[in-house]
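Structure data (compact mmCIF, C-alpha atoms) from upload.txt:
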# COMPACT_ATOMS: atom_id res chain seq x y z
CA MET Y 1 35.22 -70.95 166.76
CA ASN Y 2 37.01 -68.90 164.16
CA ILE Y 3 38.18 -70.43 160.96
CA ASN Y 4 41.92 -70.01 160.92
CA ALA Y 5 45.18 -71.71 160.01
CA THR Y 6 44.23 -74.70 162.19
CA LEU Y 7 42.29 -75.88 159.14
CA ILE Y 8 45.38 -75.99 156.98
CA ALA Y 9 47.44 -77.55 159.76
CA GLN Y 10 44.83 -80.25 160.23
CA ALA Y 11 44.73 -80.98 156.50
CA VAL Y 12 48.52 -81.35 156.50
CA VAL Y 13 48.42 -83.58 159.60
CA MET Y 14 45.78 -85.70 157.94
CA ILE Y 15 47.87 -86.13 154.82
CA VAL Y 16 50.81 -87.23 156.97
CA PHE Y 17 48.78 -89.79 158.90
CA VAL Y 18 47.09 -91.12 155.79
CA ALA Y 19 50.49 -91.44 154.14
CA ILE Y 20 51.88 -93.33 157.14
CA CYS Y 21 48.87 -95.63 157.14
CA TRP Y 22 49.13 -96.11 153.38
CA ARG Y 23 52.84 -96.93 153.40
CA TYR Y 24 53.48 -98.65 156.73
CA ILE Y 25 50.26 -99.87 158.32
CA TYR Y 26 47.64 -101.03 155.90
CA PRO Y 27 49.60 -103.17 153.41
CA PRO Y 28 51.51 -105.29 155.97
CA ILE Y 29 48.40 -106.04 158.02
CA LEU Y 30 46.36 -106.79 154.94
CA SER Y 31 49.02 -109.09 153.52
CA VAL Y 32 49.26 -111.00 156.80
CA MET Y 33 45.48 -111.30 156.84
CA LYS Y 34 45.38 -112.48 153.24
CA GLU Y 35 48.13 -114.98 153.90
CA ARG Y 36 46.37 -116.29 156.97
CA GLU Y 37 43.13 -116.56 155.03
CA LYS Y 38 44.96 -118.58 152.38
CA ARG Y 39 46.53 -120.80 155.01
CA ILE Y 40 43.19 -121.45 156.61
CA SER Y 41 41.50 -122.30 153.32
CA ASP Y 42 44.46 -124.51 152.38
CA GLY Y 43 44.22 -126.19 155.74
CA LEU Y 44 40.52 -126.79 155.31
CA GLU Y 45 41.10 -128.22 151.87
CA ALA Y 46 43.85 -130.49 153.17
CA ALA Y 47 41.57 -131.60 155.97
CA LYS Y 48 38.86 -132.38 153.44
CA LYS Y 49 41.33 -134.32 151.33
CA ALA Y 50 42.51 -136.24 154.35
CA ASP Y 51 38.91 -136.97 155.20
CA ASP Y 52 38.28 -138.25 151.71
CA SER Y 53 41.35 -140.46 151.73
CA LEU Y 54 40.38 -141.73 155.15
CA GLU Y 55 36.97 -142.62 153.77
CA GLU Y 56 38.66 -144.36 150.84
CA ALA Y 57 41.01 -146.23 153.13
CA LYS Y 58 38.07 -147.28 155.24
CA LEU Y 59 36.27 -148.62 152.20
CA ALA Y 60 39.40 -150.49 151.07
CA PHE Y 61 39.86 -151.80 154.57
CA ASP Y 62 36.27 -153.01 154.71
CA LYS Y 63 36.66 -154.70 151.37
CA GLU Y 64 39.89 -156.42 152.40
CA LEU Y 65 38.33 -157.43 155.68
CA ASN Y 66 35.30 -158.95 153.99
CA GLN Y 67 37.50 -160.78 151.54
CA ALA Y 68 39.69 -162.08 154.33
CA LYS Y 69 36.61 -163.14 156.24
CA ALA Y 70 35.27 -164.96 153.21
CA GLU Y 71 38.62 -166.65 152.68
CA ALA Y 72 38.83 -167.63 156.31
CA ALA Y 73 35.33 -169.06 156.18
CA GLU Y 74 36.22 -171.01 153.09
CA ILE Y 75 39.39 -172.35 154.65
CA LEU Y 76 37.47 -173.25 157.75
CA ASP Y 77 34.83 -175.07 155.69
CA LYS Y 78 37.49 -176.99 153.83
CA ALA Y 79 39.27 -177.87 157.05
CA ASN Y 80 36.02 -178.97 158.59
CA ALA Y 81 35.21 -181.12 155.59
CA ARG Y 82 38.68 -182.56 155.62
CA ALA Y 83 38.49 -183.25 159.33
CA SER Y 84 35.17 -184.98 159.08
CA GLN Y 85 36.50 -186.93 156.11
CA ILE Y 86 39.49 -188.03 158.16
CA VAL Y 87 37.31 -188.89 161.09
CA SER Y 88 34.88 -190.89 159.00
CA ASP Y 89 37.76 -192.59 157.21
CA ALA Y 90 39.33 -193.49 160.51
CA THR Y 91 36.03 -194.62 161.91
CA SER Y 92 35.29 -196.90 159.00
CA LYS Y 93 38.82 -198.18 159.07
CA ALA Y 94 38.60 -198.84 162.76
CA GLU Y 95 35.24 -200.46 162.31
CA ALA Y 96 36.57 -202.70 159.58
CA GLU Y 97 39.57 -203.54 161.72
CA ALA Y 98 37.33 -204.25 164.65
CA GLU Y 99 35.15 -206.42 162.48
CA LYS Y 100 38.20 -208.23 161.22
CA ILE Y 101 39.54 -208.75 164.71
CA LEU Y 102 36.16 -209.83 165.86
CA THR Y 103 35.78 -212.25 163.00
CA SER Y 104 39.22 -213.73 163.47
CA ALA Y 105 38.63 -213.92 167.18
CA SER Y 106 35.36 -215.71 166.77
CA THR Y 107 36.95 -218.04 164.20
CA THR Y 108 39.73 -218.79 166.60
CA ILE Y 109 37.26 -219.32 169.39
CA GLU Y 110 35.23 -221.64 167.23
CA ASN Y 111 38.30 -223.57 166.18
CA GLU Y 112 39.44 -223.81 169.72
CA THR Y 113 36.01 -224.88 170.80
CA ASN Y 114 35.84 -227.47 168.08
CA LYS Y 115 39.30 -228.66 168.95
CA ALA Y 116 38.41 -228.84 172.59
CA LYS Y 117 35.18 -230.63 171.76
CA GLU Y 118 37.04 -233.07 169.60
CA GLU Y 119 39.56 -233.65 172.29
CA LEU Y 120 36.86 -234.02 174.86
CA ARG Y 121 35.01 -236.41 172.68
CA GLN Y 122 38.15 -238.39 172.13
CA GLN Y 123 38.87 -238.51 175.77
CA MET Y 124 35.35 -239.36 176.62
CA SER Y 125 35.16 -242.15 174.11
CA ASP Y 126 38.44 -243.44 175.42
CA ILE Y 127 37.09 -243.29 178.93
CA ILE Y 128 33.90 -244.96 177.89
CA ILE Y 129 35.73 -247.66 176.02
CA ASP Y 130 38.07 -248.13 178.87
CA THR Y 131 35.25 -248.28 181.28
CA THR Y 132 33.23 -250.55 179.06
CA GLN Y 133 36.26 -252.74 178.47
CA LYS Y 134 36.75 -252.99 182.13
CA ILE Y 135 33.14 -253.85 182.59
CA LEU Y 136 32.75 -256.15 179.66
CA GLY Y 137 36.22 -257.45 179.48
CA ASP Y 138 37.64 -258.03 176.23
CA GLU Y 139 34.37 -258.44 174.50
CA ILE Y 140 34.55 -255.13 173.14
CA SER Y 141 37.56 -254.09 171.25
CA LYS Y 142 38.34 -250.74 170.06
CA GLU Y 143 38.68 -251.87 166.57
CA LYS Y 144 35.40 -253.84 166.51
CA HIS Y 145 33.29 -251.12 167.75
CA GLU Y 146 34.95 -248.36 166.02
CA GLU Y 147 31.75 -247.61 164.22
CA ILE Y 148 29.62 -247.40 167.30
CA LEU Y 149 32.12 -245.34 169.17
CA LYS Y 150 32.42 -242.87 166.50
CA LYS Y 151 28.65 -242.47 166.35
CA ALA Y 152 28.50 -242.04 170.05
CA ALA Y 153 31.24 -239.54 169.98
CA GLU Y 154 29.37 -237.60 167.43
CA GLU Y 155 26.21 -237.65 169.44
CA LEU Y 156 27.98 -236.31 172.48
CA MET I 1 39.80 -62.25 184.27
CA ALA I 2 36.81 -64.45 184.91
CA SER I 3 37.01 -64.40 188.67
CA GLU I 4 33.31 -64.95 189.12
CA LEU I 5 31.96 -68.21 187.76
CA THR I 6 28.69 -67.61 185.97
CA THR I 7 26.68 -69.86 183.67
CA GLU I 8 27.74 -67.75 180.73
CA SER I 9 31.43 -67.75 181.57
CA TYR I 10 31.33 -71.50 182.21
CA ILE I 11 29.85 -72.21 178.80
CA SER I 12 32.09 -69.81 176.90
CA HIS I 13 35.11 -71.20 178.73
CA HIS I 14 34.25 -74.63 177.43
CA LEU I 15 33.59 -73.46 173.91
CA THR I 16 36.77 -71.44 173.42
CA ASN I 17 39.90 -72.94 172.00
CA LEU I 18 43.41 -72.36 173.24
CA THR I 19 44.52 -70.20 170.35
CA CYS I 20 48.07 -69.22 169.59
CA GLY I 21 48.93 -66.76 166.87
CA LYS I 22 51.01 -63.84 165.80
CA THR I 23 50.06 -60.36 166.93
CA ALA I 24 51.85 -57.05 166.54
CA GLU I 25 53.90 -57.85 169.63
CA GLY I 26 54.88 -61.35 168.50
CA TRP I 27 53.58 -64.86 169.11
CA THR I 28 51.20 -65.29 172.01
CA CYS I 29 48.46 -67.55 173.26
CA ASP I 30 46.67 -64.82 175.20
CA PRO I 31 42.92 -65.42 174.81
CA TYR I 32 42.26 -61.64 174.91
CA LYS I 33 44.40 -61.04 171.84
CA VAL I 34 42.71 -63.60 169.56
CA ASP I 35 41.10 -60.78 167.58
CA GLN I 36 44.49 -59.41 166.60
CA MET I 37 45.80 -62.73 165.32
CA GLY I 38 43.88 -62.86 162.07
CA PHE I 39 43.95 -66.01 159.95
CA TRP I 40 47.38 -67.24 160.99
CA ALA I 41 46.39 -68.55 164.36
CA PHE I 42 46.35 -72.14 165.55
CA HIS I 43 44.01 -73.93 167.91
CA VAL I 44 46.76 -75.60 169.91
CA ASP I 45 44.41 -77.76 171.96
CA SER I 46 42.57 -79.16 168.92
CA LEU I 47 45.81 -79.83 167.11
CA PHE I 48 47.36 -81.38 170.21
CA TRP I 49 44.56 -83.91 170.63
CA SER I 50 44.24 -84.46 166.91
CA ILE I 51 47.94 -85.23 166.48
CA GLY I 52 48.12 -87.16 169.73
CA LEU I 53 45.19 -89.40 168.85
CA GLY I 54 46.47 -89.85 165.29
CA ALA I 55 49.81 -90.91 166.76
CA LEU I 56 47.98 -93.28 169.10
CA PHE I 57 46.28 -94.82 166.07
CA VAL I 58 49.61 -95.26 164.27
CA PHE I 59 51.29 -96.61 167.40
CA VAL I 60 48.59 -99.15 168.24
CA PHE I 61 48.29 -100.43 164.68
CA ARG I 62 52.06 -100.59 164.15
CA LYS I 63 52.47 -102.44 167.43
CA ALA I 64 49.81 -104.93 166.46
CA ILE I 65 51.77 -105.74 163.30
CA SER I 66 55.21 -106.00 164.84
CA LYS I 67 53.89 -108.15 167.66
CA ASN I 68 52.20 -110.68 165.44
CA SER I 69 53.15 -110.48 161.79
CA ASP I 70 53.45 -114.22 161.30
CA ALA I 71 50.49 -115.58 159.38
CA SER I 72 50.89 -119.01 160.91
CA VAL I 73 50.18 -117.71 164.41
CA ALA I 74 46.58 -117.09 165.43
CA PRO I 75 45.93 -113.39 166.07
CA SER I 76 45.34 -112.34 169.64
CA GLY I 77 44.43 -109.30 171.69
CA MET I 78 44.96 -105.99 169.92
CA GLN I 79 45.71 -107.74 166.66
CA ASN I 80 42.12 -108.99 166.60
CA PHE I 81 40.78 -105.49 167.04
CA VAL I 82 43.12 -104.13 164.37
CA GLU I 83 42.18 -106.85 161.90
CA MET I 84 38.52 -106.42 162.68
CA SER I 85 38.64 -102.70 161.87
CA ILE I 86 40.61 -103.38 158.69
CA GLU I 87 38.10 -105.98 157.62
CA PHE I 88 35.27 -103.56 158.35
CA VAL I 89 36.90 -100.84 156.25
CA GLU I 90 37.78 -103.31 153.51
CA ASP I 91 34.14 -104.43 153.33
CA ASN I 92 32.90 -100.85 153.08
CA VAL I 93 35.43 -99.92 150.41
CA GLN I 94 34.59 -103.09 148.54
CA SER I 95 30.85 -102.36 148.53
CA LEU I 96 31.16 -98.69 147.57
CA PHE I 97 34.15 -98.85 145.27
CA GLY I 98 33.55 -102.15 143.55
CA SER I 99 36.22 -103.21 141.14
CA VAL I 100 38.25 -99.98 140.92
CA LYS I 101 41.77 -100.63 142.11
CA ASN I 102 43.17 -97.80 144.17
CA THR I 103 45.39 -98.77 147.07
CA LEU I 104 45.03 -95.38 148.75
CA ILE I 105 41.29 -95.52 149.39
CA ALA I 106 41.23 -98.25 152.04
CA PRO I 107 44.11 -96.84 154.14
CA LEU I 108 42.55 -93.40 153.85
CA ALA I 109 39.19 -94.72 155.00
CA LEU I 110 40.81 -96.64 157.86
CA THR I 111 42.76 -93.62 159.05
CA VAL I 112 39.74 -91.35 158.82
CA PHE I 113 37.49 -93.83 160.63
CA VAL I 114 39.77 -94.74 163.52
CA TRP I 115 41.09 -91.24 163.94
CA ILE I 116 37.66 -89.59 164.02
CA LEU I 117 36.38 -92.33 166.30
CA LEU I 118 39.19 -91.62 168.76
CA MET I 119 38.66 -87.86 168.55
CA ASN I 120 34.91 -88.26 169.06
CA LEU I 121 35.51 -90.55 172.02
CA MET I 122 37.21 -87.69 173.82
CA ASP I 123 33.69 -86.34 174.21
CA LEU I 124 33.01 -89.08 176.75
CA VAL I 125 35.70 -87.83 179.10
CA PRO I 126 33.89 -85.71 181.72
CA VAL I 127 33.69 -82.14 180.36
CA ASP I 128 35.60 -80.44 183.14
CA PHE I 129 38.25 -83.04 183.80
CA LEU I 130 40.92 -82.37 181.18
CA PRO I 131 40.42 -78.56 180.85
CA VAL I 132 40.82 -78.06 184.61
CA LEU I 133 43.78 -80.41 184.70
CA ALA I 134 45.43 -78.59 181.78
CA GLY I 135 44.74 -75.22 183.44
CA HIS I 136 46.35 -76.26 186.70
CA VAL I 137 49.34 -77.84 184.94
CA ALA I 138 49.85 -74.71 182.81
CA TYR I 139 49.54 -72.43 185.83
CA ALA I 140 52.00 -74.51 187.85
CA ILE I 141 54.57 -74.65 185.05
CA ALA I 142 54.28 -71.28 183.35
CA GLY I 143 52.19 -69.18 185.73
CA ASP I 144 55.11 -66.93 186.63
CA ALA I 145 56.80 -66.78 183.23
CA VAL I 146 53.79 -66.02 181.01
CA GLU I 147 51.99 -62.85 181.87
CA TRP I 148 48.53 -63.80 180.55
CA ILE I 149 48.26 -66.97 182.69
CA LYS I 150 46.85 -65.39 185.82
CA GLY I 151 45.25 -68.51 187.25
CA PRO I 152 44.25 -72.06 186.35
CA GLU I 153 41.04 -70.80 184.74
CA SER I 154 42.69 -68.34 182.38
CA LEU I 155 43.79 -71.17 180.11
CA TYR I 156 41.11 -72.18 177.66
CA PHE I 157 41.31 -75.81 176.72
CA LYS I 158 38.91 -77.66 174.44
CA VAL I 159 39.36 -81.39 174.50
CA VAL I 160 37.28 -82.77 171.61
CA PRO I 161 38.99 -81.89 168.32
CA THR I 162 35.91 -82.73 166.25
CA THR I 163 33.95 -79.95 167.96
CA ASP I 164 36.32 -77.54 166.24
CA PRO I 165 35.15 -76.77 162.68
CA ASN I 166 38.76 -76.18 161.66
CA ILE I 167 39.54 -79.83 162.32
CA THR I 168 36.52 -81.30 160.58
CA LEU I 169 36.68 -78.88 157.64
CA GLY I 170 40.44 -79.44 157.47
CA MET I 171 39.91 -83.14 156.96
CA ALA I 172 37.08 -82.52 154.52
CA PHE I 173 39.42 -80.15 152.68
CA GLY I 174 42.08 -82.85 152.43
CA ILE I 175 39.52 -85.23 150.99
CA PHE I 176 38.30 -82.50 148.62
CA ILE I 177 41.84 -82.12 147.26
CA LEU I 178 42.07 -85.88 146.76
CA THR I 179 38.70 -85.86 144.97
CA ILE I 180 39.92 -83.21 142.55
CA TYR I 181 43.23 -85.01 142.06
CA TYR I 182 41.58 -88.33 141.20
CA SER I 183 38.89 -86.67 139.10
CA ILE I 184 41.62 -85.15 136.93
CA THR I 185 43.94 -88.16 136.81
CA VAL I 186 41.30 -90.83 136.30
CA LYS I 187 38.82 -89.02 134.07
CA GLY I 188 41.21 -86.58 132.48
CA LEU I 189 41.03 -82.81 132.78
CA LYS I 190 38.74 -82.47 129.76
CA ALA I 191 36.15 -84.89 131.05
CA PHE I 192 36.30 -83.34 134.51
CA VAL I 193 35.70 -79.85 133.15
CA ALA I 194 32.96 -81.18 130.91
CA GLU I 195 31.31 -82.78 133.90
CA LEU I 196 31.29 -79.44 135.67
CA THR I 197 30.05 -77.40 132.72
CA LEU I 198 27.90 -79.53 130.40
CA HIS I 199 25.36 -80.71 132.96
CA PRO I 200 22.51 -80.50 133.50
CA PHE I 201 21.41 -78.21 130.63
CA GLY I 202 23.77 -78.98 127.75
CA LYS I 203 26.45 -76.88 126.08
CA TYR I 204 24.40 -73.73 125.42
CA MET I 205 23.96 -72.99 129.11
CA ILE I 206 27.56 -73.41 130.27
CA PRO I 207 27.61 -70.54 132.83
CA ILE I 208 24.44 -71.73 134.55
CA ASN I 209 25.64 -75.32 134.46
CA PHE I 210 28.94 -74.28 135.96
CA VAL I 211 27.33 -72.36 138.80
CA LEU I 212 24.96 -75.22 139.59
CA GLU I 213 27.64 -77.91 139.43
CA MET I 214 30.09 -75.80 141.41
CA VAL I 215 27.59 -75.42 144.25
CA ASN I 216 27.06 -79.15 144.16
CA PHE I 217 30.80 -79.78 144.06
CA ILE I 218 31.75 -77.46 146.90
CA ALA I 219 28.78 -78.42 149.05
CA LYS I 220 30.20 -81.91 149.40
CA PRO I 221 33.31 -81.16 151.49
CA ILE I 222 31.56 -78.41 153.43
CA SER I 223 28.62 -80.62 154.36
CA LEU I 224 31.06 -83.43 155.17
CA GLY I 225 32.98 -81.27 157.61
CA LEU I 226 30.03 -79.43 159.08
CA ARG I 227 27.99 -82.60 159.64
CA LEU I 228 30.67 -84.06 161.88
CA PHE I 229 31.28 -80.73 163.59
CA GLY I 230 27.58 -80.07 164.17
CA ASN I 231 26.84 -83.45 165.66
CA LEU I 232 29.78 -83.44 168.02
CA TYR I 233 29.41 -79.77 168.93
CA ALA I 234 25.77 -80.32 169.84
CA GLY I 235 26.69 -83.39 171.86
CA GLU I 236 29.39 -81.49 173.72
CA MET I 237 26.97 -78.63 174.30
CA ILE I 238 24.45 -80.94 175.92
CA PHE I 239 27.15 -82.36 178.17
CA ILE I 240 28.03 -78.81 179.23
CA LEU I 241 24.38 -77.95 179.85
CA ILE I 242 23.88 -81.09 181.92
CA ALA I 243 27.02 -80.26 183.88
CA LEU I 244 25.49 -76.84 184.56
CA MET I 245 22.70 -78.49 186.53
CA LEU I 246 25.24 -78.95 189.31
CA PHE I 247 25.43 -75.14 189.64
CA PHE I 248 22.06 -75.09 191.31
CA SER I 249 22.88 -76.15 194.79
CA SER I 250 19.90 -78.42 195.00
CA ILE I 251 20.34 -82.12 195.59
CA PRO I 252 17.38 -83.38 193.43
CA ILE I 253 18.59 -81.39 190.41
CA GLY I 254 22.13 -82.62 191.00
CA VAL I 255 20.94 -86.24 191.08
CA LEU I 256 18.85 -85.65 187.98
CA GLY I 257 21.90 -84.13 186.27
CA PHE I 258 23.93 -87.19 187.20
CA GLY I 259 21.29 -89.49 185.69
CA LEU I 260 20.98 -87.37 182.55
CA HIS I 261 24.72 -87.40 182.16
CA LEU I 262 24.73 -91.18 182.18
CA VAL I 263 21.85 -91.42 179.70
CA TRP I 264 23.36 -88.86 177.34
CA ALA I 265 26.81 -90.49 177.54
CA LEU I 266 25.29 -93.84 176.58
CA PHE I 267 23.39 -92.26 173.72
CA HIS I 268 26.46 -90.31 172.68
CA ILE I 269 28.48 -93.50 172.22
CA LEU I 270 26.13 -94.22 169.32
CA ILE I 271 26.66 -90.76 167.82
CA VAL I 272 30.42 -91.05 168.25
CA ALA I 273 30.63 -94.30 166.29
CA LEU I 274 27.94 -93.34 163.79
CA GLN I 275 29.51 -90.00 162.86
CA ALA I 276 32.91 -91.63 162.41
CA PHE I 277 31.31 -94.23 160.18
CA ILE I 278 29.35 -91.64 158.17
CA PHE I 279 32.48 -89.57 157.59
CA MET I 280 34.33 -92.65 156.40
CA ALA I 281 31.49 -93.86 154.18
CA LEU I 282 31.11 -90.44 152.55
CA THR I 283 34.88 -90.19 152.06
CA ILE I 284 34.79 -93.46 150.17
CA ALA I 285 31.67 -92.43 148.26
CA TYR I 286 33.13 -89.09 147.13
CA LEU I 287 36.33 -90.75 146.00
CA ALA I 288 34.30 -93.43 144.22
CA MET I 289 32.46 -90.64 142.37
CA ALA I 290 35.82 -89.19 141.36
CA HIS I 291 36.65 -92.55 139.78
CA GLU I 292 33.39 -92.87 137.86
CA THR I 293 34.17 -92.38 134.21
CA GLU I 294 30.79 -92.91 132.60
CA GLU I 295 28.29 -90.14 131.99
CA HIS I 296 25.50 -89.70 134.48
Target format structure tokens, applied to this file:
Amino acid sequence: MNINATLIAQAVVMIVFVAICWRYIYPPILSVMKEREKRISDGLEAAKKADDSLEEAKLAFDKELNQAKAEAAEILDKANARASQIVSDATSKAEAEAEKILTSASTTIENETNKAKEELRQQMSDIIIDTTQKILGDEISKEKHEEILKKAAEEL
Amino acid sequence: MASELTTESYISHHLTNLTCGKTAEGWTCDPYKVDQMGFWAFHVDSLFWSIGLGALFVFVFRKAISKNSDASVAPSGMQNFVEMSIEFVEDNVQSLFGSVKNTLIAPLALTVFVWILLMNLMDLVPVDFLPVLAGHVAYAIAGDAVEWIKGPESLYFKVVPTTDPNITLGMAFGIFILTIYYSITVKGLKAFVAELTLHPFGKYMIPINFVLEMVNFIAKPISLGLRLFGNLYAGEMIFILIALMLFFSSIPIGVLGFGLHLVWALFHILIVALQAFIFMALTIAYLAMAHETEEH
């Protein structure tokens, strides 16, 4: 436990180790640490930026989507309106056509009926006259009784 | 020749350094000639462990850099430990030193902290293990060639360098030199001398001021070195005393000694780290004082 030259030797050894640490150990480690710290903070900042731009893109996307939806709805409405217009147009047209056909058909039927009636009447009056002529002989002539026949035909 | 193992010889064996020095007959490490060596003697064991552990510090830290010096790679293993200790030192320097830029302070503090921590940790190696091993190795290698090695126990070997006041005071001395150097370069010689002579009583009491300030100035490195030495020496002493309990060939006392050893070792871990930290903190504080330019 004497104080001796060990003290001086230790002081010298310490200076050597401190010098080694000062020149070759501390600065490189510290610079790597600083650089890593910078990288990490840069990375965090970049991540934050990316987050922000993602948020922005999301907002833009939502906006576009809503707009597109609105447009689609509008187009759909228009198409619907147009379709119903076409349908109603077609319906009315078809109805009119049907009406027309119906009318012409009924006219034709009536005409035919009338024609047939007329013919029937004619035939009937002919038959009647014939029959009457046969019964009454020549007393009755077609010409003489034209008036009566006609009336009868009308009554039939 | 300590052929008979007594309590006294056991303790003194553990508290004596392996000392080599120059005597009238030349260089020798004979423990019985220590008195003739005078000042120019070296505690070979203390210096061996001190240099070895310092080299371990340099090796481990250098390896951590070379293994992983790329900032883009996440640190792993030893690199984490190395960076953690650097961050710890950097924080302490930052809080004590503030804005003063001096690139030497942090590496100095790191070296002092890790080195002293390693030296203190040697205290946790069982007290007899390394000395007995060293004694047997020395006897096997040089027992025939060196006349003073008469048996494994004739080699004194102290393992914990910080229980040697030469080591602790040596480091405190190195820091003292640095303090003076920075006091002169930062403040200027005139201001430094004025600081030592014009306080606390003003310029008419210069001799008294000088004596008072000198005591204050010199007390710093001495207390720095002796604090570390005292704490570790006492810790080592208690380990030795606990180990002595095994001398009584009684099983209960032996078991008690075993338990006490465990308890003291656990408690000593705290002292080991705390003393290393205190030495580092005071080193930074003294150097910070050397950089203070304003009057106080």
Please check the contacts: residues of chain Y at most 7 Å away from chain I, using all atoms listed in the file, listed as a ChimeraX atom specification.
/Y:1,3-8,10-11,14,17-18,21-22,25-26,29,32,35-36
For the atom pair atom CA of I:Leu241 and atom CA of I:Pro131, what is the interatomic distance in Å to one decimal place?
16.1 Å
Coordinates-based distance that separates atom CA of I:Ser95 from atom CA of I:Val186 (Å, one decimal)
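Taking atom CA of I:Val186 as the start and atom CA of I:Ser95 as the end point, the length is 19.8 Å.
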Closest of I:Gly235, I:Gly77, I:Pro31, I:Gly225 to I:Ser154 - atom-to-atom distances counting all atoms listed in the file:
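Using all atoms listed in the file, I:Ser154 sits closest to I:Pro31.
Note that atom CA of I:Tyr233 and atom CA of I:Leu256 are 22.6 Å apart.
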With all atoms of stretch 19-35 of chain Y from the file as input, state the centre and edge lengths in Å to one decimal of the axis-aligned box that has 3 Å extra on each side, as lines of an AutoDock Vina configuration file.
center_x = 49.4
center_y = -103.2
center_z = 155.8
size_x = 14.1
size_y = 29.5
size_z = 11.1
For I:Ala265, list every protein, DNA or RNA residue within 9 Å, evaluated using all atoms listed in the file, and leave out those in the same chain fewer than 3 positions away; present the list as a ChimeraX atom specification.
/I:123-124,239,260-262,268-269
Find the residues around I:Phe97 up to 12 Å (all atoms listed in the file counted), leave out those fewer than 4 positions away in its own chain, and share them as number ranges by chain.
I: 89-93, 101-106, 109, 281-292
Choose the residue, out of I:Tyr181, I:Ala138, I:Phe88, I:Pro161, that has the smallest atom-to-atom separation from I:Phe113; count all atoms listed in the file.
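The closest residue to I:Phe113 is I:Phe88.
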